[in-house]
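A.B. asks: This structure is in structure tokens; I'll ask about it shortly.
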Amino acid sequence: MLTVWGRRSSFNLQKVMWLVGELALAHRHIEAGGRFGGLDTPEFRAMNPHGRVPVIDDHGVIVWESHTILRYLAAQYGRGWFWSDDAGARSQVERWMDWSQTTLQPDFLMGVFWGFYRTPQPQRNWPAIRDKVARCARHFQLLDRMLADRPFLAGNALTLADIPAGTSLYRYFELDIERPSIPNVEAWYQRLQDRPAYRAHVMVPFGELSGRLDP
Ligand SMILES: N[C@@H](CCC(=O)N[C@@H](CS)C(=O)NCC(=O)O)C(=O)O
């Protein structure tokens, strides 16, 4: 059976679990990392020498790095929906995955979520936080323009393009921060909330992470 390691509060685990839910894959989930620990054991390091979650074991195939896991599960179990054999079609989707990981996620997850929400108030670096909030506003405005003529990032259906960027929406809209007017992103967020897998795996309350800089 597919086994997935990672604490439910982990942003990168949530991407994977959302896809596991969409594909309705039978699986076993093991909490790991954060207060659950377990990332430094020889057994875990043998699976992921980087010592991070998420990690999956799919019938002996060990995969780590959330986007590599998304691609693996899509190729293995989601052909025709989450995976195309056409490299050009795949590139339309994958560019948004890579954009999310290299552009949106550093500014939002590291800059805003860690810099603001996970940093105790006296330690907050406000000029840096304001800069990251403004950068995120520009990123979400870009998504807003993309979503003006389509319901999902890569077209008419949910694809892997939506998963990394869409995972940030719950936290982005829950945090007490300044946001621009982004009606198309809000409509997209509403469409994602209509999906049981999104509600179950991404809309996970994160209060336990407030003011906590340890993992
Ligand atoms: N680039 C990696 C990042 C993995 C990562 O940093 N995971 C965090 C959780 S989101 C982690 O393992 N932190 C240590 C912990 O939770 O104890 C990925 O996308 O999978």
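All residue names refer to the structure tokens as shown: chains lettered A, B, ... in order, residues numbered from 1 in each chain, ligands numbered from 1 in order.
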Please extract the residues at most 6 Å from ligand 1, counting only C-alpha atoms and all ligand atoms, and provide them as a PyMOL selection string, using the chain letters and residue numbers of this document.
C.D. replies: chain A and resi 10-12+33-34+52-54+65-67+215
A.B. asks: Could you give me the residues within stretch 59-188 of chain A that DSSP places in alpha helix (DSSP H), as a VMD selection string?
C.D. replies: chain A and resid 66 to 77 87 to 99 105 126 to 146 162 to 174 183 to 188
A.B. asks: Write out as a VMD selection string which residues come within 8 Å of A:Asp144 when counting only C-alpha atoms, dropping same-chain ones fewer than 4 positions away.
C.D. replies: chain A and resid 140 148 182 to 185
A.B. asks: Export, as a PDB file, in the first residue's frame, the selected residues with all heavy atoms.
C.D. replies:
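After the write, selection14.pdb holds the following:
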ATOM      1  N   PHE A 140      -0.080  37.234  -6.630  1.00  0.00           N
ATOM      2  CA  PHE A 140      -1.497  36.862  -6.709  1.00  0.00           C
ATOM      3  C   PHE A 140      -2.229  37.694  -7.764  1.00  0.00           C
ATOM      4  O   PHE A 140      -3.198  37.211  -8.360  1.00  0.00           O
ATOM      5  CB  PHE A 140      -2.150  36.939  -5.325  1.00  0.00           C
ATOM      6  CG  PHE A 140      -1.779  35.769  -4.449  1.00  0.00           C
ATOM      7  CD1 PHE A 140      -0.857  35.894  -3.423  1.00  0.00           C
ATOM      8  CD2 PHE A 140      -2.318  34.512  -4.682  1.00  0.00           C
ATOM      9  CE1 PHE A 140      -0.490  34.800  -2.634  1.00  0.00           C
ATOM     10  CE2 PHE A 140      -1.958  33.406  -3.914  1.00  0.00           C
ATOM     11  CZ  PHE A 140      -1.041  33.561  -2.886  1.00  0.00           C
ATOM     12  N   ALA A 148      -8.496  35.124 -15.441  1.00  0.00           N
ATOM     13  CA  ALA A 148      -9.598  35.958 -15.944  1.00  0.00           C
ATOM     14  C   ALA A 148     -10.449  35.209 -16.963  1.00  0.00           C
ATOM     15  O   ALA A 148     -11.650  35.453 -17.078  1.00  0.00           O
ATOM     16  CB  ALA A 148      -9.038  37.242 -16.552  1.00  0.00           C
ATOM     17  N   ILE A 182      -8.432  40.659  -5.773  1.00  0.00           N
ATOM     18  CA  ILE A 182      -8.103  39.563  -6.708  1.00  0.00           C
ATOM     19  C   ILE A 182      -9.347  38.666  -6.866  1.00  0.00           C
ATOM     20  O   ILE A 182      -9.346  37.515  -6.424  1.00  0.00           O
ATOM     21  CB  ILE A 182      -6.867  38.755  -6.228  1.00  0.00           C
ATOM     22  CG1 ILE A 182      -6.899  38.525  -4.693  1.00  0.00           C
ATOM     23  CG2 ILE A 182      -5.582  39.417  -6.650  1.00  0.00           C
ATOM     24  CD1 ILE A 182      -5.797  37.631  -4.155  1.00  0.00           C
ATOM     25  N   PRO A 183     -10.392  39.215  -7.509  1.00  0.00           N
ATOM     26  CA  PRO A 183     -11.659  38.473  -7.584  1.00  0.00           C
ATOM     27  C   PRO A 183     -11.550  37.134  -8.313  1.00  0.00           C
ATOM     28  O   PRO A 183     -12.243  36.179  -7.953  1.00  0.00           O
ATOM     29  CB  PRO A 183     -12.593  39.430  -8.341  1.00  0.00           C
ATOM     30  CG  PRO A 183     -11.701  40.432  -8.995  1.00  0.00           C
ATOM     31  CD  PRO A 183     -10.473  40.534  -8.150  1.00  0.00           C
ATOM     32  N   ASN A 184     -10.668  37.058  -9.323  1.00  0.00           N
ATOM     33  CA  ASN A 184     -10.560  35.781 -10.049  1.00  0.00           C
ATOM     34  C   ASN A 184      -9.864  34.720  -9.198  1.00  0.00           C
ATOM     35  O   ASN A 184     -10.191  33.537  -9.290  1.00  0.00           O
ATOM     36  CB  ASN A 184      -9.808  35.983 -11.362  1.00  0.00           C
ATOM     37  CG  ASN A 184     -10.522  36.981 -12.257  1.00  0.00           C
ATOM     38  OD1 ASN A 184     -11.752  36.950 -12.372  1.00  0.00           O
ATOM     39  ND2 ASN A 184      -9.765  37.882 -12.857  1.00  0.00           N
ATOM     40  N   VAL A 185      -8.924  35.156  -8.379  1.00  0.00           N
ATOM     41  CA  VAL A 185      -8.279  34.215  -7.456  1.00  0.00           C
ATOM     42  C   VAL A 185      -9.290  33.769  -6.401  1.00  0.00           C
ATOM     43  O   VAL A 185      -9.347  32.589  -6.031  1.00  0.00           O
ATOM     44  CB  VAL A 185      -7.029  34.855  -6.801  1.00  0.00           C
ATOM     45  CG1 VAL A 185      -6.498  33.984  -5.669  1.00  0.00           C
ATOM     46  CG2 VAL A 185      -5.940  35.078  -7.854  1.00  0.00           C
TER      47      VAL A 185
END
A.B. asks: Take atom CA of A:Ala187 and atom CA of A:Pro151 and report the distance between them in Å, one decimal.
C.D. replies: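 These atoms are spaced 8.1 Å apart.
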A.B. asks: How many Å lie between atom CA of A:Ile30 and atom CA of A:Tyr77, rounded to one decimal?
C.D. replies: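 So the answer is 20.9 Å.
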A.B. asks: May I have the residues within 10 Å of A:Ile62 as an MDAnalysis selection string, using only C-alpha atoms and disregarding those fewer than 3 positions away in the same chain?
C.D. replies: chainID A and resid 2:4 46:48 55:59 69
A.B. asks: Write out the residues from the selection above, keeping N, CA, C and O atoms, as a compact mmCIF listing (two decimals), in the first residue's frame.
C.D. replies:
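Output saved as selection_31.txt:
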# COMPACT_ATOMS: atom_id res chain seq x y z
N LEU A 2 0.37 2.31 -0.58
CA LEU A 2 1.06 3.60 -0.57
C LEU A 2 1.14 4.13 0.87
O LEU A 2 0.12 4.18 1.56
N THR A 3 2.35 4.50 1.31
CA THR A 3 2.52 5.10 2.63
C THR A 3 3.05 6.51 2.44
O THR A 3 3.95 6.74 1.62
N VAL A 4 2.46 7.46 3.20
CA VAL A 4 2.86 8.86 3.09
C VAL A 4 3.28 9.34 4.48
O VAL A 4 2.52 9.21 5.43
N ALA A 46 17.41 6.83 5.67
CA ALA A 46 17.67 5.90 4.57
C ALA A 46 16.66 6.14 3.44
O ALA A 46 16.97 5.94 2.27
N MET A 47 15.46 6.61 3.82
CA MET A 47 14.48 6.93 2.78
C MET A 47 14.77 8.30 2.18
O MET A 47 14.80 8.48 0.97
N ASN A 48 14.97 9.29 3.07
CA ASN A 48 15.23 10.66 2.60
C ASN A 48 16.44 11.23 3.32
O ASN A 48 16.33 11.70 4.44
N VAL A 55 7.47 12.30 2.33
CA VAL A 55 8.13 11.16 1.69
C VAL A 55 7.02 10.13 1.42
O VAL A 55 6.10 10.01 2.23
N ILE A 56 7.13 9.43 0.31
CA ILE A 56 6.19 8.32 0.08
C ILE A 56 6.96 7.03 -0.19
O ILE A 56 8.10 7.06 -0.68
N ASP A 57 6.32 5.94 0.14
CA ASP A 57 6.79 4.60 -0.23
C ASP A 57 5.63 3.94 -0.97
O ASP A 57 4.60 3.65 -0.37
N ASP A 58 5.79 3.81 -2.27
CA ASP A 58 4.73 3.21 -3.08
C ASP A 58 5.20 1.84 -3.54
O ASP A 58 5.92 1.73 -4.53
N HIS A 59 4.81 0.82 -2.80
CA HIS A 59 5.23 -0.55 -3.14
C HIS A 59 6.73 -0.64 -3.35
O HIS A 59 7.20 -1.21 -4.34
N ILE A 69 7.06 14.04 -5.97
CA ILE A 69 6.00 13.10 -5.58
C ILE A 69 4.73 13.38 -6.40
O ILE A 69 4.07 12.44 -6.89
A.B. asks: Give the answer as one residue: which of A:Ala26, A:Val204, A:Leu209, A:Leu73 has the shortest atom-to-atom distance to A:Thr167, using only C-alpha atoms?
C.D. replies: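 Closest candidate: A:Val204.
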A.B. asks: Can you tell me which residues surround A:Gln141 at a distance of at most 9 Å, considering only C-alpha atoms, apart from same-chain residues fewer than 3 positions away, and format the answer as an mmCIF file with N, CA, C and O atoms, in the first residue's frame?
C.D. replies:
data_model
loop_
_atom_site.group_PDB
_atom_site.id
_atom_site.type_symbol
_atom_site.label_atom_id
_atom_site.label_comp_id
_atom_site.auth_asym_id
_atom_site.auth_seq_id
_atom_site.Cartn_x
_atom_site.Cartn_y
_atom_site.Cartn_z
ATOM 1 N N CYS A 136 4.000 39.232 -2.599
ATOM 2 C CA CYS A 136 2.905 38.253 -2.737
ATOM 3 C C CYS A 136 1.715 38.892 -3.434
ATOM 4 O O CYS A 136 1.049 38.241 -4.253
ATOM 5 N N ALA A 137 1.431 40.140 -3.114
ATOM 6 C CA ALA A 137 0.304 40.825 -3.776
ATOM 7 C C ALA A 137 0.534 40.798 -5.290
ATOM 8 O O ALA A 137 -0.383 40.491 -6.065
ATOM 9 N N ARG A 138 1.755 41.062 -5.709
ATOM 10 C CA ARG A 138 2.036 41.049 -7.161
ATOM 11 C C ARG A 138 1.896 39.638 -7.727
ATOM 12 O O ARG A 138 1.378 39.446 -8.825
ATOM 13 N N ASP A 144 -4.356 36.323 -10.787
ATOM 14 C CA ASP A 144 -5.678 36.880 -11.054
ATOM 15 C C ASP A 144 -5.850 37.162 -12.553
ATOM 16 O O ASP A 144 -6.904 36.876 -13.128
ATOM 17 N N ARG A 145 -4.809 37.682 -13.184
ATOM 18 C CA ARG A 145 -4.897 37.949 -14.633
ATOM 19 C C ARG A 145 -4.984 36.634 -15.399
ATOM 20 O O ARG A 145 -5.741 36.510 -16.359
ATOM 21 N N MET A 146 -4.232 35.638 -14.974
ATOM 22 C CA MET A 146 -4.262 34.327 -15.660
ATOM 23 C C MET A 146 -5.639 33.693 -15.567
ATOM 24 O O MET A 146 -6.094 33.015 -16.478
ATOM 25 N N PRO A 180 -4.436 42.512 -2.119
ATOM 26 C CA PRO A 180 -5.032 43.327 -3.182
ATOM 27 C C PRO A 180 -6.401 42.766 -3.561
ATOM 28 O O PRO A 180 -6.783 41.685 -3.095
ATOM 29 N N SER A 181 -7.121 43.475 -4.427
ATOM 30 C CA SER A 181 -8.382 42.937 -4.953
ATOM 31 C C SER A 181 -8.040 41.895 -6.021
ATOM 32 O O SER A 181 -7.417 42.220 -7.037
ATOM 33 N N ILE A 182 -8.432 40.659 -5.773
ATOM 34 C CA ILE A 182 -8.103 39.563 -6.708
ATOM 35 C C ILE A 182 -9.347 38.666 -6.866
ATOM 36 O O ILE A 182 -9.346 37.515 -6.424
ATOM 37 N N VAL A 185 -8.924 35.156 -8.379
ATOM 38 C CA VAL A 185 -8.279 34.215 -7.456
ATOM 39 C C VAL A 185 -9.290 33.769 -6.401
ATOM 40 O O VAL A 185 -9.347 32.589 -6.031
#
A.B. asks: For each of A:Glu174, A:Arg191, A:Arg118, A:Glu22, take the minimum atom-to-atom distance to A:Arg150, counting only C-alpha atoms, then give the residue where this is smallest.
C.D. replies: A:Arg191
A.B. asks: Record the distance separating atom CA of A:Gly51 and atom CA of A:Thr68, expressed in Å with one decimal.
C.D. replies: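 Those two atoms sit 15.6 Å apart.
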A.B. asks: So, with only C-alpha atoms as the atoms that count, which of A:Arg95, A:Arg212, A:His201, A:His29 lies closest to A:Lys15?
C.D. replies: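 When distances to A:Lys15 are compared using only C-alpha atoms, the smallest one comes from A:His201.
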A.B. asks: Would you pick out the contacts of stretch 109-112 of chain A at 9 Å or less, using only C-alpha atoms, so that residues sharing its chain but fewer than 2 positions from it are not included, and give the list as a PyMOL selection string?
C.D. replies: chain A and resi 11+104-107+114-118+128-133+136+168+172+177
A.B. asks: Could you please take those selected residues and save N, CA and C atoms as a PDB file, in the first residue's frame?
C.D. replies:
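Full text of part-v5.pdb as output:
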ATOM      1  N   PHE A  11       2.934  22.302   4.809  1.00  0.00           N
ATOM      2  CA  PHE A  11       2.482  22.833   3.514  1.00  0.00           C
ATOM      3  C   PHE A  11       2.829  21.870   2.376  1.00  0.00           C
ATOM      4  N   LEU A 104       6.582  31.942  -5.871  1.00  0.00           N
ATOM      5  CA  LEU A 104       5.531  32.223  -4.881  1.00  0.00           C
ATOM      6  C   LEU A 104       5.882  31.679  -3.497  1.00  0.00           C
ATOM      7  N   GLN A 105       6.323  30.432  -3.460  1.00  0.00           N
ATOM      8  CA  GLN A 105       6.532  29.784  -2.155  1.00  0.00           C
ATOM      9  C   GLN A 105       7.619  30.484  -1.311  1.00  0.00           C
ATOM     10  N   PRO A 106       8.762  30.873  -1.891  1.00  0.00           N
ATOM     11  CA  PRO A 106       9.739  31.585  -1.041  1.00  0.00           C
ATOM     12  C   PRO A 106       9.164  32.885  -0.474  1.00  0.00           C
ATOM     13  N   ASP A 107       8.431  33.632  -1.287  1.00  0.00           N
ATOM     14  CA  ASP A 107       7.898  34.909  -0.781  1.00  0.00           C
ATOM     15  C   ASP A 107       6.741  34.691   0.182  1.00  0.00           C
ATOM     16  N   TRP A 114       6.332  32.313   7.519  1.00  0.00           N
ATOM     17  CA  TRP A 114       7.364  32.170   8.564  1.00  0.00           C
ATOM     18  C   TRP A 114       7.716  33.540   9.137  1.00  0.00           C
ATOM     19  N   GLY A 115       7.970  34.527   8.259  1.00  0.00           N
ATOM     20  CA  GLY A 115       8.427  35.840   8.727  1.00  0.00           C
ATOM     21  C   GLY A 115       7.412  36.533   9.615  1.00  0.00           C
ATOM     22  N   PHE A 116       6.139  36.361   9.312  1.00  0.00           N
ATOM     23  CA  PHE A 116       5.081  37.025  10.077  1.00  0.00           C
ATOM     24  C   PHE A 116       4.439  36.064  11.073  1.00  0.00           C
ATOM     25  N   TYR A 117       3.778  35.043  10.554  1.00  0.00           N
ATOM     26  CA  TYR A 117       2.928  34.222  11.430  1.00  0.00           C
ATOM     27  C   TYR A 117       3.734  33.349  12.385  1.00  0.00           C
ATOM     28  N   ARG A 118       4.806  32.752  11.917  1.00  0.00           N
ATOM     29  CA  ARG A 118       5.551  31.802  12.757  1.00  0.00           C
ATOM     30  C   ARG A 118       6.618  32.490  13.608  1.00  0.00           C
ATOM     31  N   ALA A 128      10.971  43.732   6.266  1.00  0.00           N
ATOM     32  CA  ALA A 128      11.060  42.526   5.425  1.00  0.00           C
ATOM     33  C   ALA A 128       9.672  41.932   5.201  1.00  0.00           C
ATOM     34  N   ILE A 129       8.845  41.916   6.244  1.00  0.00           N
ATOM     35  CA  ILE A 129       7.491  41.348   6.106  1.00  0.00           C
ATOM     36  C   ILE A 129       6.680  42.165   5.104  1.00  0.00           C
ATOM     37  N   ARG A 130       6.756  43.504   5.243  1.00  0.00           N
ATOM     38  CA  ARG A 130       5.983  44.365   4.318  1.00  0.00           C
ATOM     39  C   ARG A 130       6.429  44.145   2.878  1.00  0.00           C
ATOM     40  N   ASP A 131       7.742  43.974   2.687  1.00  0.00           N
ATOM     41  CA  ASP A 131       8.263  43.730   1.339  1.00  0.00           C
ATOM     42  C   ASP A 131       7.716  42.407   0.794  1.00  0.00           C
ATOM     43  N   LYS A 132       7.676  41.384   1.630  1.00  0.00           N
ATOM     44  CA  LYS A 132       7.196  40.071   1.168  1.00  0.00           C
ATOM     45  C   LYS A 132       5.686  40.102   0.915  1.00  0.00           C
ATOM     46  N   VAL A 133       4.951  40.821   1.763  1.00  0.00           N
ATOM     47  CA  VAL A 133       3.499  40.939   1.546  1.00  0.00           C
ATOM     48  C   VAL A 133       3.240  41.632   0.199  1.00  0.00           C
ATOM     49  N   CYS A 136       4.000  39.232  -2.599  1.00  0.00           N
ATOM     50  CA  CYS A 136       2.905  38.253  -2.737  1.00  0.00           C
ATOM     51  C   CYS A 136       1.715  38.892  -3.434  1.00  0.00           C
ATOM     52  N   SER A 168      -1.452  27.374  -1.246  1.00  0.00           N
ATOM     53  CA  SER A 168      -1.138  28.586  -0.459  1.00  0.00           C
ATOM     54  C   SER A 168      -2.384  29.420  -0.151  1.00  0.00           C
ATOM     55  N   TYR A 172      -3.104  32.123   2.816  1.00  0.00           N
ATOM     56  CA  TYR A 172      -3.070  33.524   2.345  1.00  0.00           C
ATOM     57  C   TYR A 172      -4.344  34.264   2.742  1.00  0.00           C
ATOM     58  N   ILE A 177      -3.326  39.919   6.955  1.00  0.00           N
ATOM     59  CA  ILE A 177      -2.359  40.717   6.186  1.00  0.00           C
ATOM     60  C   ILE A 177      -3.111  41.483   5.110  1.00  0.00           C
TER      61      ILE A 177
END
A.B. asks: For the strand (DSSP E) assignment from backbone DSSP, which residues of stretch 10-148 of chain A qualify? Please present them as an mmCIF file with N, CA, C and O atoms, in the first residue's frame.
C.D. replies:
data_model
loop_
_atom_site.group_PDB
_atom_site.id
_atom_site.type_symbol
_atom_site.label_atom_id
_atom_site.label_comp_id
_atom_site.auth_asym_id
_atom_site.auth_seq_id
_atom_site.Cartn_x
_atom_site.Cartn_y
_atom_site.Cartn_z
ATOM 1 N N HIS A 27 -4.288 4.487 0.973
ATOM 2 C CA HIS A 27 -2.982 4.838 1.513
ATOM 3 C C HIS A 27 -2.987 4.757 3.029
ATOM 4 O O HIS A 27 -4.039 4.702 3.665
ATOM 5 N N ARG A 28 -1.762 4.802 3.578
ATOM 6 C CA ARG A 28 -1.565 4.881 5.015
ATOM 7 C C ARG A 28 -0.798 6.174 5.245
ATOM 8 O O ARG A 28 0.188 6.447 4.538
ATOM 9 N N HIS A 29 -1.265 6.988 6.187
ATOM 10 C CA HIS A 29 -0.593 8.266 6.459
ATOM 11 C C HIS A 29 0.094 8.191 7.817
ATOM 12 O O HIS A 29 -0.527 7.809 8.803
ATOM 13 N N ILE A 30 1.358 8.545 7.867
ATOM 14 C CA ILE A 30 2.101 8.524 9.132
ATOM 15 C C ILE A 30 2.563 9.941 9.449
ATOM 16 O O ILE A 30 3.286 10.571 8.653
ATOM 17 N N VAL A 55 7.473 12.296 2.333
ATOM 18 C CA VAL A 55 8.125 11.155 1.691
ATOM 19 C C VAL A 55 7.021 10.132 1.421
ATOM 20 O O VAL A 55 6.097 10.010 2.231
ATOM 21 N N ILE A 56 7.131 9.426 0.309
ATOM 22 C CA ILE A 56 6.190 8.319 0.081
ATOM 23 C C ILE A 56 6.963 7.032 -0.192
ATOM 24 O O ILE A 56 8.099 7.057 -0.676
ATOM 25 N N ASP A 57 6.317 5.937 0.138
ATOM 26 C CA ASP A 57 6.792 4.600 -0.233
ATOM 27 C C ASP A 57 5.633 3.944 -0.967
ATOM 28 O O ASP A 57 4.596 3.649 -0.369
ATOM 29 N N ASP A 58 5.795 3.806 -2.266
ATOM 30 C CA ASP A 58 4.729 3.208 -3.076
ATOM 31 C C ASP A 58 5.198 1.836 -3.539
ATOM 32 O O ASP A 58 5.923 1.731 -4.531
ATOM 33 N N VAL A 61 8.835 1.848 -3.956
ATOM 34 C CA VAL A 61 9.415 3.028 -4.624
ATOM 35 C C VAL A 61 9.345 4.195 -3.637
ATOM 36 O O VAL A 61 8.259 4.613 -3.235
ATOM 37 N N ILE A 62 10.530 4.664 -3.227
ATOM 38 C CA ILE A 62 10.595 5.769 -2.269
ATOM 39 C C ILE A 62 10.765 7.070 -3.045
ATOM 40 O O ILE A 62 11.646 7.174 -3.911
ATOM 41 N N VAL A 63 9.934 8.040 -2.732
ATOM 42 C CA VAL A 63 10.037 9.337 -3.425
ATOM 43 C C VAL A 63 9.974 10.447 -2.391
ATOM 44 O O VAL A 63 9.143 10.409 -1.481
ATOM 45 N N TRP A 64 10.836 11.453 -2.517
ATOM 46 C CA TRP A 64 10.765 12.652 -1.677
ATOM 47 C C TRP A 64 10.884 13.867 -2.572
ATOM 48 O O TRP A 64 11.153 13.741 -3.755
#
A.B. asks: Excluding same-chain residues fewer than 2 positions from stretch 152-164 of chain A, what lies within 8 Å of it counting only C-alpha atoms, as a list of chain:residue names?
C.D. replies: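 Here the answer would be A:Lys15, A:Trp18, A:Leu19, A:Leu70, A:Trp81, A:Phe82, A:Gln92, A:Val93, A:Glu94, A:Arg95, A:Trp96, A:Met97, A:Ser100, A:Gln101, A:Leu143, A:Met146, A:Leu147, A:Arg150, A:Gly166, A:Thr167, A:Ser168, A:Trp188.
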A.B. asks: With N, CA and C atoms retained, write the just-selected residues as an mmCIF file, in the first residue's frame.
C.D. replies:
data_model
loop_
_atom_site.group_PDB
_atom_site.id
_atom_site.type_symbol
_atom_site.label_atom_id
_atom_site.label_comp_id
_atom_site.auth_asym_id
_atom_site.auth_seq_id
_atom_site.Cartn_x
_atom_site.Cartn_y
_atom_site.Cartn_z
ATOM 1 N N LYS A 15 0.151 19.417 -0.261
ATOM 2 C CA LYS A 15 0.061 19.300 -1.734
ATOM 3 C C LYS A 15 -0.116 17.825 -2.114
ATOM 4 N N TRP A 18 -3.458 16.299 -1.006
ATOM 5 C CA TRP A 18 -4.556 16.787 -1.860
ATOM 6 C C TRP A 18 -4.630 15.909 -3.116
ATOM 7 N N LEU A 19 -3.480 15.636 -3.741
ATOM 8 C CA LEU A 19 -3.504 14.802 -4.950
ATOM 9 C C LEU A 19 -3.900 13.364 -4.614
ATOM 10 N N LEU A 70 4.391 14.649 -6.577
ATOM 11 C CA LEU A 70 3.194 14.972 -7.372
ATOM 12 C C LEU A 70 3.331 14.415 -8.788
ATOM 13 N N TRP A 81 -5.510 12.492 -16.844
ATOM 14 C CA TRP A 81 -6.091 13.616 -16.098
ATOM 15 C C TRP A 81 -4.947 14.478 -15.548
ATOM 16 N N PHE A 82 -4.215 13.928 -14.609
ATOM 17 C CA PHE A 82 -3.135 14.718 -14.004
ATOM 18 C C PHE A 82 -1.816 14.552 -14.747
ATOM 19 N N GLN A 92 2.778 23.114 -20.037
ATOM 20 C CA GLN A 92 1.798 24.151 -19.681
ATOM 21 C C GLN A 92 1.421 24.072 -18.204
ATOM 22 N N VAL A 93 1.497 22.863 -17.691
ATOM 23 C CA VAL A 93 1.147 22.615 -16.293
ATOM 24 C C VAL A 93 2.373 22.793 -15.398
ATOM 25 N N GLU A 94 3.469 22.199 -15.831
ATOM 26 C CA GLU A 94 4.651 22.157 -14.969
ATOM 27 C C GLU A 94 5.260 23.530 -14.733
ATOM 28 N N ARG A 95 5.081 24.449 -15.679
ATOM 29 C CA ARG A 95 5.665 25.788 -15.465
ATOM 30 C C ARG A 95 5.047 26.445 -14.236
ATOM 31 N N TRP A 96 3.769 26.159 -13.989
ATOM 32 C CA TRP A 96 3.131 26.754 -12.802
ATOM 33 C C TRP A 96 3.599 26.068 -11.520
ATOM 34 N N MET A 97 3.903 24.787 -11.618
ATOM 35 C CA MET A 97 4.474 24.103 -10.445
ATOM 36 C C MET A 97 5.829 24.715 -10.106
ATOM 37 N N SER A 100 5.560 28.239 -8.805
ATOM 38 C CA SER A 100 5.120 28.249 -7.405
ATOM 39 C C SER A 100 6.286 27.959 -6.470
ATOM 40 N N GLN A 101 7.073 26.944 -6.838
ATOM 41 C CA GLN A 101 8.128 26.554 -5.917
ATOM 42 C C GLN A 101 9.281 27.556 -5.867
ATOM 43 N N LEU A 143 -1.641 35.821 -10.899
ATOM 44 C CA LEU A 143 -2.569 34.682 -10.988
ATOM 45 C C LEU A 143 -3.972 35.180 -11.335
ATOM 46 N N MET A 146 -4.232 35.638 -14.974
ATOM 47 C CA MET A 146 -4.262 34.327 -15.660
ATOM 48 C C MET A 146 -5.639 33.693 -15.567
ATOM 49 N N LEU A 147 -6.305 33.913 -14.432
ATOM 50 C CA LEU A 147 -7.581 33.244 -14.176
ATOM 51 C C LEU A 147 -8.778 34.037 -14.716
ATOM 52 N N ARG A 150 -10.348 31.627 -17.443
ATOM 53 C CA ARG A 150 -10.319 30.164 -17.258
ATOM 54 C C ARG A 150 -10.616 29.829 -15.790
ATOM 55 N N GLY A 166 -2.394 26.578 -5.396
ATOM 56 C CA GLY A 166 -3.684 26.523 -4.698
ATOM 57 C C GLY A 166 -3.544 26.183 -3.226
ATOM 58 N N THR A 167 -2.491 25.457 -2.895
ATOM 59 C CA THR A 167 -2.281 25.094 -1.487
ATOM 60 C C THR A 167 -2.004 26.329 -0.629
ATOM 61 N N SER A 168 -1.452 27.374 -1.246
ATOM 62 C CA SER A 168 -1.138 28.586 -0.459
ATOM 63 C C SER A 168 -2.384 29.420 -0.151
ATOM 64 N N TRP A 188 -11.481 31.207 -7.912
ATOM 65 C CA TRP A 188 -10.699 29.951 -8.019
ATOM 66 C C TRP A 188 -10.626 29.272 -6.655
#
